[in-house]
>>> print(open('work_39.cif').read())   # mmCIF, C-alpha atoms
data_work
#
loop_
_atom_site.label_atom_id
_atom_site.label_comp_id
_atom_site.auth_asym_id
_atom_site.auth_seq_id
_atom_site.Cartn_x
_atom_site.Cartn_y
_atom_site.Cartn_z
CA MET A 1 88.63 117.92 113.83
CA SER A 2 85.92 115.35 114.63
CA ALA A 3 84.81 113.53 117.76
CA ALA A 4 86.64 110.50 116.39
CA SER A 5 89.90 112.34 117.10
CA PHE A 6 89.57 111.00 120.67
CA ALA A 7 89.48 107.22 120.93
CA VAL A 8 89.70 104.54 123.61
CA SER A 9 91.62 101.32 123.08
CA THR A 10 89.77 98.15 124.05
CA PHE A 11 92.99 97.30 125.89
CA LEU A 12 90.98 98.66 128.82
CA PHE A 13 88.88 95.48 128.64
CA HIS A 14 91.49 93.00 127.41
CA ARG A 15 91.17 90.72 130.46
CA SER A 16 87.68 89.75 129.34
CA ARG A 17 85.80 88.98 126.13
CA LEU A 18 84.85 92.16 124.28
CA ASP A 19 81.09 92.77 124.26
CA ARG A 20 78.59 95.43 123.24
CA GLU A 21 78.39 96.95 126.72
CA HIS A 22 82.08 97.84 126.61
CA LEU A 23 81.45 99.98 123.54
CA VAL A 24 78.33 101.45 125.11
CA GLU A 25 80.45 102.59 128.08
CA ILE A 26 83.03 104.21 125.77
CA ALA A 27 80.36 106.07 123.79
CA ALA A 28 78.53 107.11 126.97
CA HIS A 29 81.64 108.98 128.11
CA GLY A 30 81.77 111.09 124.97
CA PHE A 31 84.41 109.27 122.94
CA GLY A 32 83.78 108.91 119.22
CA ALA A 33 86.11 106.08 118.30
CA VAL A 34 87.85 102.90 119.39
CA GLU A 35 91.10 101.13 118.71
CA LEU A 36 90.60 97.36 118.76
CA PHE A 37 93.17 95.45 120.79
CA ALA A 38 93.58 92.19 118.84
CA LEU A 39 93.95 89.30 121.27
CA ARG A 40 92.03 86.10 120.60
CA SER A 41 90.87 85.70 124.20
CA HIS A 42 89.54 89.28 124.07
CA PHE A 43 88.27 89.45 120.50
CA ASP A 44 88.65 86.52 118.10
CA TYR A 45 89.54 88.36 114.92
CA GLY A 46 89.54 85.07 113.00
CA ASP A 47 85.88 84.30 113.82
CA PRO A 48 83.45 85.70 111.18
CA ALA A 49 80.59 85.70 113.72
CA ALA A 50 82.63 87.82 116.15
CA VAL A 51 83.48 90.25 113.35
CA THR A 52 79.81 90.54 112.38
CA ASP A 53 78.87 91.22 116.01
CA LEU A 54 81.51 93.93 116.31
CA ALA A 55 80.30 95.62 113.13
CA GLU A 56 76.78 95.72 114.58
CA TRP A 57 77.99 97.08 117.93
CA LEU A 58 79.98 99.83 116.24
CA ASP A 59 76.95 100.79 114.19
CA ASP A 60 74.68 100.74 117.26
CA THR A 61 77.01 102.95 119.30
CA ARG A 62 78.06 105.16 116.37
CA LEU A 63 81.69 104.58 117.21
CA GLN A 64 84.34 104.70 114.50
CA LEU A 65 87.02 102.01 114.31
CA THR A 66 90.11 104.15 113.77
CA ALA A 67 92.80 101.53 114.32
CA VAL A 68 93.57 97.95 115.23
CA HIS A 69 96.47 96.99 117.49
CA ALA A 70 98.17 93.92 116.05
CA PRO A 71 98.36 90.90 118.39
CA THR A 72 101.43 90.55 120.59
CA ALA A 73 100.32 87.21 122.04
CA GLU A 74 97.65 84.66 121.27
CA ARG A 75 95.75 84.70 124.55
CA LEU A 76 95.59 85.91 128.13
CA VAL A 77 94.53 83.04 130.39
CA ASP A 78 94.12 83.55 134.15
CA GLY A 79 96.35 86.61 133.93
CA VAL A 80 99.11 84.79 132.01
CA TRP A 81 100.05 85.78 128.44
CA THR A 82 100.47 82.73 126.20
CA GLY A 83 101.68 82.26 122.64
CA ASN A 84 104.23 85.03 122.10
CA LEU A 85 103.84 86.70 118.69
CA SER A 86 107.04 88.62 118.00
CA VAL A 87 107.57 89.61 114.37
CA ALA A 88 111.25 90.10 115.28
CA SER A 89 111.83 86.57 116.58
CA THR A 90 114.80 84.60 115.28
CA ASP A 91 112.75 81.43 115.75
CA THR A 92 111.37 80.76 112.26
CA ALA A 93 108.14 79.14 113.41
CA THR A 94 107.40 81.88 115.96
CA ARG A 95 108.03 84.64 113.43
CA ALA A 96 105.93 82.94 110.74
CA ARG A 97 103.04 82.51 113.18
CA ALA A 98 103.30 86.15 114.23
CA VAL A 99 103.25 87.39 110.63
CA ALA A 100 100.29 85.15 109.81
CA GLU A 101 98.31 86.49 112.79
CA VAL A 102 99.07 90.08 111.77
CA GLN A 103 97.87 89.34 108.24
CA LEU A 104 94.69 87.78 109.61
CA THR A 105 94.13 90.91 111.68
CA LEU A 106 94.60 93.07 108.59
CA ASP A 107 91.95 91.01 106.82
CA LEU A 108 89.42 92.60 109.19
CA ALA A 109 89.61 95.71 106.99
CA ARG A 110 87.66 93.86 104.28
CA VAL A 111 84.61 93.90 106.55
CA LEU A 112 85.41 96.62 109.11
CA PRO A 113 87.39 99.40 107.43
CA PHE A 114 90.11 101.01 109.55
CA ARG A 115 93.03 103.13 108.52
CA THR A 116 95.88 102.21 110.87
CA LEU A 117 97.46 99.02 112.17
CA VAL A 118 99.56 99.61 115.28
CA LEU A 119 102.39 97.10 115.35
CA HIS A 120 105.05 96.20 117.91
CA VAL A 121 108.50 95.60 116.45
CA GLY A 122 109.61 92.91 118.86
CA THR A 123 108.85 92.61 122.55
CA PRO A 124 109.39 95.08 125.43
CA ALA A 125 112.89 94.55 126.78
CA GLN A 126 111.75 93.88 130.33
CA ILE A 127 109.79 90.77 129.28
CA ALA A 128 111.59 89.72 126.09
CA ALA A 129 113.08 86.29 125.55
CA ALA A 130 116.60 86.06 124.15
CA ASN A 131 115.42 85.58 120.55
CA ASP A 132 112.52 88.08 120.48
CA ASN A 133 114.21 91.23 119.21
CA ASP A 134 116.34 90.69 116.12
CA ALA A 135 116.64 93.53 113.61
CA GLY A 136 117.06 91.27 110.58
CA ALA A 137 114.05 89.17 111.51
CA ALA A 138 111.98 92.31 112.05
CA ARG A 139 112.91 93.66 108.60
CA ARG A 140 111.99 90.37 106.90
CA SER A 141 108.60 90.40 108.62
CA LEU A 142 107.91 94.03 107.79
CA ASP A 143 108.85 93.45 104.15
CA VAL A 144 105.76 91.21 104.08
CA ILE A 145 103.43 93.04 106.47
CA VAL A 146 103.72 96.64 105.21
CA PRO A 147 102.83 95.88 101.56
CA TYR A 148 100.09 93.47 102.67
CA ALA A 149 98.55 96.22 104.79
CA ALA A 150 98.79 98.82 102.02
CA ALA A 151 97.02 96.48 99.61
CA GLY A 152 94.07 96.50 102.01
CA GLY A 153 94.09 100.28 102.43
CA VAL A 154 95.75 100.20 105.86
CA GLN A 155 98.85 102.08 106.99
CA VAL A 156 101.22 100.41 109.45
CA ALA A 157 102.23 102.48 112.50
CA LEU A 158 105.28 101.08 114.29
CA GLU A 159 104.90 101.68 118.02
CA VAL A 160 107.52 103.36 120.19
CA GLN A 161 108.24 100.90 122.97
CA THR A 162 110.96 99.86 125.35
CA ASN A 163 113.32 97.81 123.25
CA ALA A 164 116.30 98.77 121.10
CA LEU A 165 114.38 98.17 117.86
CA SER A 166 111.56 100.53 118.82
CA THR A 167 113.12 103.71 120.11
CA PRO A 168 112.11 106.79 118.09
CA ASP A 169 115.58 106.95 116.49
CA ALA A 170 115.51 103.26 115.57
CA LEU A 171 112.02 103.42 114.06
CA VAL A 172 112.83 106.53 112.01
CA ALA A 173 115.97 104.84 110.67
CA LEU A 174 114.04 101.64 109.88
CA ILE A 175 111.34 103.48 107.93
CA GLU A 176 113.76 105.74 106.08
CA ASP A 177 115.93 102.75 105.13
CA ALA A 178 112.96 100.87 103.64
CA ALA A 179 112.57 102.91 100.47
CA ASP A 180 110.79 100.01 98.76
CA TRP A 181 107.91 99.96 101.30
CA PRO A 182 104.58 101.68 100.88
CA PRO A 183 104.38 104.59 103.37
CA ALA A 184 104.65 103.46 106.99
CA GLY A 185 104.56 105.65 110.09
CA ILE A 186 105.07 105.72 113.83
CA CYS A 187 102.65 105.35 116.73
CA LEU A 188 104.03 107.69 119.35
CA ASP A 189 103.21 105.96 122.63
CA VAL A 190 103.70 108.75 125.17
CA GLY A 191 103.91 106.45 128.20
CA HIS A 192 106.60 104.32 126.57
CA ALA A 193 108.45 107.44 125.42
CA ARG A 194 108.50 108.62 129.05
CA LEU A 195 110.11 105.35 130.12
CA LEU A 196 112.80 105.94 127.48
CA GLY A 197 113.39 109.56 128.53
CA ASP A 198 111.64 112.81 127.61
CA PRO A 199 108.48 112.39 125.48
CA VAL A 200 109.11 115.78 123.87
CA ASP A 201 112.44 114.51 122.53
CA ALA A 202 110.67 111.43 121.15
CA ILE A 203 108.00 113.54 119.44
CA GLU A 204 110.58 115.82 117.87
CA THR A 205 112.67 112.86 116.69
CA ALA A 206 109.66 111.22 115.02
CA SER A 207 108.50 114.51 113.49
CA GLY A 208 106.80 113.98 110.13
CA LEU A 209 106.28 110.24 110.67
CA ILE A 210 103.75 110.24 113.53
CA VAL A 211 100.45 108.84 112.25
CA ALA A 212 98.98 107.55 115.53
CA SER A 213 99.35 108.09 119.25
CA HIS A 214 98.77 106.23 122.48
CA VAL A 215 98.17 108.54 125.42
CA HIS A 216 98.59 107.13 128.90
CA ASP A 217 100.63 108.08 131.92
CA THR A 218 103.31 106.46 134.03
CA ARG A 219 104.89 107.16 137.37
CA GLY A 220 108.23 106.81 135.62
CA SER A 221 109.47 103.31 136.38
CA ARG A 222 106.78 100.93 135.05
CA ASP A 223 104.49 100.71 132.05
CA ASP A 224 101.48 101.69 134.17
CA HIS A 225 98.99 102.80 131.45
CA LEU A 226 97.44 105.35 133.80
CA VAL A 227 94.92 107.99 132.82
CA PRO A 228 96.79 111.11 131.64
CA TYR A 229 97.59 113.50 134.51
CA ASP A 230 97.68 110.60 137.01
CA GLY A 231 101.44 110.11 136.57
CA SER A 232 104.68 111.97 135.90
CA ILE A 233 104.26 113.13 132.28
CA GLU A 234 104.13 116.88 131.62
CA TRP A 235 101.17 116.81 129.26
CA THR A 236 101.18 120.47 128.31
CA ARG A 237 104.75 120.17 127.01
CA ALA A 238 103.98 116.91 125.22
CA LEU A 239 100.80 118.15 123.55
CA LEU A 240 102.41 121.38 122.42
CA ALA A 241 105.28 119.33 120.96
CA PHE A 242 102.74 117.25 119.01
CA GLN A 243 101.21 120.48 117.69
CA LYS A 244 104.63 121.84 116.76
CA VAL A 245 105.36 118.82 114.53
CA GLY A 246 101.92 119.00 112.91
CA TYR A 247 100.18 116.06 114.55
CA SER A 248 96.47 116.59 115.25
CA GLY A 249 95.18 113.16 116.22
CA PRO A 250 93.71 110.72 116.70
CA TRP A 251 94.47 110.69 120.42
CA THR A 252 93.95 107.13 121.64
CA PHE A 253 93.63 106.54 125.38
CA GLU A 254 95.32 103.17 125.98
CA LEU A 255 94.46 102.54 129.62
CA ALA A 256 95.05 99.53 131.83
CA PRO A 257 92.21 97.75 133.60
CA ALA A 258 92.14 99.13 137.13
CA ALA A 259 90.79 98.08 140.49
CA SER A 260 88.23 100.87 140.28
CA PRO A 261 85.11 100.38 138.11
CA VAL A 262 85.63 100.89 134.38
CA ALA A 263 83.09 103.72 134.45
CA ALA A 264 85.29 105.59 136.93
CA THR A 265 88.36 105.15 134.70
CA LEU A 266 86.44 106.38 131.66
CA ALA A 267 85.09 109.34 133.63
CA ARG A 268 88.65 110.37 134.49
CA ALA A 269 89.65 109.83 130.87
CA ALA A 270 86.83 112.13 129.79
CA GLN A 271 88.16 114.78 132.18
CA ALA A 272 91.65 114.32 130.72
CA ARG A 273 90.18 114.63 127.23
CA GLN A 274 88.69 117.99 128.20
CA ARG A 275 92.08 119.16 129.44
CA PHE A 276 93.64 118.01 126.16
CA LYS A 277 91.07 120.02 124.23
CA GLN A 278 91.76 123.12 126.29
CA CYS A 279 95.51 122.77 125.82
CA LEU A 280 95.18 122.13 122.08
CA GLY A 281 92.66 124.90 121.55
CA ILE A 282 89.92 122.52 120.42
CA ASN A 283 86.31 123.49 121.04
CA ASP A 284 83.22 121.33 120.72
CA GLU A 285 81.81 123.46 117.91
CA LEU A 286 84.89 122.81 115.77
CA MET A 287 84.80 119.11 116.61
CA SER A 288 81.26 118.79 115.27
CA GLN A 289 82.28 120.15 111.87
#
>>> encode(input="work_39.cif", output="structure tokens")
Amino acid sequence: MSAASFAVSTFLFHRSRLDREHLVEIAAHGFGAVELFALRSHFDYGDPAAVTDLAEWLDDTRLQLTAVHAPTAERLVDGVWTGNLSVASTDTATRARAVAEVQLTLDLARVLPFRTLVLHVGTPAQIAAANDNDAGAARRSLDVIVPYAAAGGVQVALEVQTNALSTPDALVALIEDAADWPPAGICLDVGHARLLGDPVDAIETASGLIVASHVHDTRGSRDDHLVPYDGSIEWTRALLAFQKVGYSGPWTFELAPAASPVAATLARAAQARQRFKQCLGINDELMSQ
């Protein structure tokens, strides 16, 4: 187990343009890795200069890029998401644009190697348009995306989220039905699983297919993206369930920007990380091996 087993998603900074100081803050709080949240207004994954800068920042901070979160929209402008990118849209142009943006994101691996692409299958139900979440459209998109990712050495992790296509049961069925795909897995988002019911049930359902995780808390009614232990999730039960099914990381803290300073959020995340390590029986000596 390495320090890179604990990562922070740059979702924490998605309201602004990603810069070197964001990575410095993550490293300063003892995290060894990042998951890049792909959103053009946050990080322009299609700009070679931006990619070169990110490679330098990762090298400077000694952070590992463990995963990239595929774009779900094109931009966030003045707090408004624009350019929906649902790979499950029945609108042909929308779906084609979404697939093309995912492929462009995967092309990052040619310059910045990473092992996992976290992908939404459709849009969360509470914000979805009528044509965003079609099972047939999702399968057609994934028939393109999963092999494209595998050709670049990247595994696709379909994220548990709050729509009918992305429940643990639905994702397991989708993956098991696609015998012609290269291996795909599941990103067990604990906060989303809590909104669907009991995270332990979700972990047990996805057993054997979990290749990534998002750890954040919720008070139970909204997708809050709180620091673990700040909400209603019983983390000891959840972490022991992860251990029971053989999952050992990475543990990616996907936290929302908060009113408090980012440093304060990361400090609380570092405290939560320590509690995770205690629960999982991880010690710093083992992590350095």
>>> closest_residue(input="work_39.cif", among="A:Glu159, A:Asp60, A:Glu176, A:Asp78", to="Ser16 in chain A", atoms="all atoms listed in the file")
A:Asp78
>>> resolve_selection(input="work_39.cif", expression="the PyMOL selection byres ((chain A and resi 85-96) around 12)", output="CSV table (one decimal) with C-alpha atoms, in the coordinates of the input")
chain,number,residue,atom,x,y,z
A,38,ALA,CA,93.6,92.2,118.8
A,39,LEU,CA,94.0,89.3,121.3
A,40,ARG,CA,92.0,86.1,120.6
A,70,ALA,CA,98.2,93.9,116.0
A,71,PRO,CA,98.4,90.9,118.4
A,72,THR,CA,101.4,90.6,120.6
A,73,ALA,CA,100.3,87.2,122.0
A,74,GLU,CA,97.6,84.7,121.3
A,75,ARG,CA,95.8,84.7,124.6
A,81,TRP,CA,100.0,85.8,128.4
A,82,THR,CA,100.5,82.7,126.2
A,83,GLY,CA,101.7,82.3,122.6
A,84,ASN,CA,104.2,85.0,122.1
A,97,ARG,CA,103.0,82.5,113.2
A,98,ALA,CA,103.3,86.2,114.2
A,99,VAL,CA,103.2,87.4,110.6
A,100,ALA,CA,100.3,85.2,109.8
A,101,GLU,CA,98.3,86.5,112.8
A,102,VAL,CA,99.1,90.1,111.8
A,103,GLN,CA,97.9,89.3,108.2
A,119,LEU,CA,102.4,97.1,115.4
A,120,HIS,CA,105.0,96.2,117.9
A,121,VAL,CA,108.5,95.6,116.4
A,122,GLY,CA,109.6,92.9,118.9
A,123,THR,CA,108.8,92.6,122.6
A,124,PRO,CA,109.4,95.1,125.4
A,127,ILE,CA,109.8,90.8,129.3
A,128,ALA,CA,111.6,89.7,126.1
A,129,ALA,CA,113.1,86.3,125.6
A,130,ALA,CA,116.6,86.1,124.2
A,131,ASN,CA,115.4,85.6,120.6
A,132,ASP,CA,112.5,88.1,120.5
A,133,ASN,CA,114.2,91.2,119.2
A,134,ASP,CA,116.3,90.7,116.1
A,135,ALA,CA,116.6,93.5,113.6
A,136,GLY,CA,117.1,91.3,110.6
A,137,ALA,CA,114.0,89.2,111.5
A,138,ALA,CA,112.0,92.3,112.0
A,139,ARG,CA,112.9,93.7,108.6
A,140,ARG,CA,112.0,90.4,106.9
A,141,SER,CA,108.6,90.4,108.6
A,142,LEU,CA,107.9,94.0,107.8
A,143,ASP,CA,108.8,93.4,104.2
A,144,VAL,CA,105.8,91.2,104.1
A,145,ILE,CA,103.4,93.0,106.5
A,158,LEU,CA,105.3,101.1,114.3
A,163,ASN,CA,113.3,97.8,123.2
A,164,ALA,CA,116.3,98.8,121.1
A,165,LEU,CA,114.4,98.2,117.9
A,166,SER,CA,111.6,100.5,118.8
>>> resolve_selection(input="work_39.cif", expression="the PyMOL selection byres ((chain A and resi 151) around 12)", output="ChimeraX atom specification")
/A:103,106-107,109-110,115,144-150,152-156,181-183
>>> resolve_selection(input="work_39.cif", expression="the PyMOL selection byres ((chain A and resi 236) around 12)", output="PyMOL selection string")
chain A and resi 199-200+228-229+232-235+237-243+272+275-281
>>> write_last_selection(input="work_39.cif", atoms="C-alpha atoms", output="short mmCIF file (atom, residue, chain, number, x, y, z; two decimals), in the frame of the given file")
data_model
loop_
_atom_site.label_atom_id
_atom_site.label_comp_id
_atom_site.auth_asym_id
_atom_site.auth_seq_id
_atom_site.Cartn_x
_atom_site.Cartn_y
_atom_site.Cartn_z
CA PRO A 199 108.48 112.39 125.48
CA VAL A 200 109.11 115.78 123.87
CA PRO A 228 96.79 111.11 131.64
CA TYR A 229 97.59 113.50 134.51
CA SER A 232 104.68 111.97 135.90
CA ILE A 233 104.26 113.13 132.28
CA GLU A 234 104.13 116.88 131.62
CA TRP A 235 101.17 116.81 129.26
CA ARG A 237 104.75 120.17 127.01
CA ALA A 238 103.98 116.91 125.22
CA LEU A 239 100.80 118.15 123.55
CA LEU A 240 102.41 121.38 122.42
CA ALA A 241 105.28 119.33 120.96
CA PHE A 242 102.74 117.25 119.01
CA GLN A 243 101.21 120.48 117.69
CA ALA A 272 91.65 114.32 130.72
CA ARG A 275 92.08 119.16 129.44
CA PHE A 276 93.64 118.01 126.16
CA LYS A 277 91.07 120.02 124.23
CA GLN A 278 91.76 123.12 126.29
CA CYS A 279 95.51 122.77 125.82
CA LEU A 280 95.18 122.13 122.08
CA GLY A 281 92.66 124.90 121.55
#
>>> residues_around(input="work_39.cif", residues="Arg62 in chain A", least_positions_apart="4", cutoff="9 Å", atoms="all atoms listed in the file", output="ChimeraX atom specification")
/A:27,32-33,57-58
>>> atom_distance(input="work_39.cif", atom1="CA of Val111 in chain A", atom2="CA of Ser9 in chain A")
19.4 Å
>>> axis_aligned_box(input="work_39.cif", around="range 46-63 of chain A", padding_each_side="6 Å", output="JSON")
{"center_x": 82.1, "center_y": 94.7, "center_z": 115.2, "size_x": 26.9, "size_y": 32.9, "size_z": 20.1}
>>> atom_distance(input="work_39.cif", atom1="CA of Leu255 in chain A", atom2="CA of Ile175 in chain A")
27.5 Å
>>> residues_around(input="work_39.cif", residues="Ala256 in chain A", least_positions_apart="6", cutoff="12 Å", atoms="only C-alpha atoms", output="count of residues only")
24
>>> closest_residue(input="work_39.cif", among="A:Ala202, A:Ile26, A:Leu112, A:Val80", to="Ala50 in chain A", atoms="all atoms listed in the file")
A:Leu112
>>> residues_near_point(input="work_39.cif", point="(77.9, 98.3, 119.3)", cutoff="9 Å", atoms="only C-alpha atoms", output="list in words")
Asp19, Arg20, Glu21, His22, Leu23, Val24, Asp53, Leu54, Ala55, Glu56, Trp57, Leu58, Asp59, Asp60, Thr61, Arg62 and Leu63 of chain A
>>> residues_around(input="work_39.cif", residues="Gly30 in chain A", least_positions_apart="5", cutoff="10 Å", atoms="all atoms listed in the file", output="PyMOL selection string")
chain A and resi 3-4+6-7+25+266-267+269-270+273
>>> atom_distance(input="work_39.cif", atom1="CA of Leu65 in chain A", atom2="CA of Ala170 in chain A")
28.5 Å
>>> residues_near_point(input="work_39.cif", point="(109.5, 100.2, 134.2)", cutoff="8 Å", atoms="all atoms listed in the file", output="JSON, numbers by chain")
{"A": [126, 195, 220, 221, 222, 223]}
>>> closest_residue(input="work_39.cif", among="A:Asp230, A:Val245, A:Gln161, A:Val211", to="Arg268 in chain A", atoms="all atoms listed in the file")
A:Asp230
>>> closest_residue(input="work_39.cif", among="A:Glu254, A:Asp198, A:Asp47, A:Asp180", to="Ser213 in chain A", atoms="only C-alpha atoms")
A:Glu254
>>> closest_residue(input="work_39.cif", among="A:Tyr45, A:Thr205, A:Val77, A:Thr66", to="Trp251 in chain A", atoms="all atoms listed in the file")
A:Thr66
>>> build_atoms(input="work_39.cif", residues="range 114-133 of chain A", atoms="N, CA, C and O atoms", output="short mmCIF file (atom, residue, chain, number, x, y, z; two decimals), keeping the file's coordinate frame")
data_model
loop_
_atom_site.label_atom_id
_atom_site.label_comp_id
_atom_site.auth_asym_id
_atom_site.auth_seq_id
_atom_site.Cartn_x
_atom_site.Cartn_y
_atom_site.Cartn_z
N PHE A 114 89.35 100.19 108.60
CA PHE A 114 90.11 101.01 109.55
C PHE A 114 91.36 101.45 108.82
O PHE A 114 91.79 100.84 107.85
N ARG A 115 91.95 102.55 109.30
CA ARG A 115 93.03 103.13 108.52
C ARG A 115 94.43 102.82 109.03
O ARG A 115 95.41 102.99 108.29
N THR A 116 94.54 102.37 110.29
CA THR A 116 95.88 102.21 110.87
C THR A 116 95.99 100.89 111.61
O THR A 116 95.11 100.53 112.39
N LEU A 117 97.10 100.19 111.37
CA LEU A 117 97.46 99.02 112.17
C LEU A 117 98.64 99.39 113.03
O LEU A 117 99.71 99.74 112.52
N VAL A 118 98.46 99.34 114.35
CA VAL A 118 99.56 99.61 115.28
C VAL A 118 100.30 98.30 115.52
O VAL A 118 99.69 97.29 115.87
N LEU A 119 101.61 98.34 115.32
CA LEU A 119 102.39 97.10 115.35
C LEU A 119 103.61 97.26 116.25
O LEU A 119 104.35 98.23 116.14
N HIS A 120 103.82 96.28 117.12
CA HIS A 120 105.05 96.20 117.91
C HIS A 120 106.16 95.58 117.06
O HIS A 120 105.95 94.54 116.43
N VAL A 121 107.32 96.21 117.06
CA VAL A 121 108.50 95.60 116.45
C VAL A 121 109.27 94.92 117.57
O VAL A 121 110.03 95.54 118.31
N GLY A 122 109.01 93.64 117.76
CA GLY A 122 109.61 92.91 118.86
C GLY A 122 108.82 93.05 120.15
O GLY A 122 107.66 93.46 120.16
N THR A 123 109.47 92.72 121.24
CA THR A 123 108.85 92.61 122.55
C THR A 123 109.52 93.58 123.52
O THR A 123 110.74 93.80 123.43
N PRO A 124 108.76 94.20 124.45
CA PRO A 124 109.39 95.08 125.43
C PRO A 124 110.57 94.40 126.12
O PRO A 124 110.50 93.22 126.48
N ALA A 125 111.65 95.14 126.29
CA ALA A 125 112.89 94.55 126.78
C ALA A 125 112.73 93.87 128.13
O ALA A 125 113.36 92.83 128.39
N GLN A 126 111.86 94.41 128.98
CA GLN A 126 111.75 93.88 130.33
C GLN A 126 111.10 92.49 130.38
O GLN A 126 111.22 91.78 131.38
N ILE A 127 110.43 92.09 129.30
CA ILE A 127 109.79 90.77 129.28
C ILE A 127 110.25 89.91 128.11
O ILE A 127 109.77 88.79 127.93
N ALA A 128 111.19 90.41 127.32
CA ALA A 128 111.59 89.72 126.09
C ALA A 128 112.42 88.48 126.37
O ALA A 128 113.25 88.45 127.29
N ALA A 129 112.20 87.46 125.56
CA ALA A 129 113.08 86.29 125.55
C ALA A 129 114.32 86.62 124.72
O ALA A 129 114.36 87.62 123.99
N ALA A 130 115.31 85.77 124.79
CA ALA A 130 116.60 86.06 124.15
C ALA A 130 116.48 86.22 122.64
O ALA A 130 117.27 86.96 122.03
N ASN A 131 115.51 85.56 122.02
CA ASN A 131 115.42 85.58 120.55
C ASN A 131 114.28 86.45 120.02
O ASN A 131 113.91 86.36 118.86
N ASP A 132 113.71 87.32 120.87
CA ASP A 132 112.52 88.08 120.48
C ASP A 132 112.80 89.32 119.63
O ASP A 132 111.91 89.77 118.90
N ASN A 133 113.99 89.89 119.75
CA ASN A 133 114.21 91.23 119.21
C ASN A 133 115.42 91.28 118.28
O ASN A 133 116.46 91.85 118.61
#
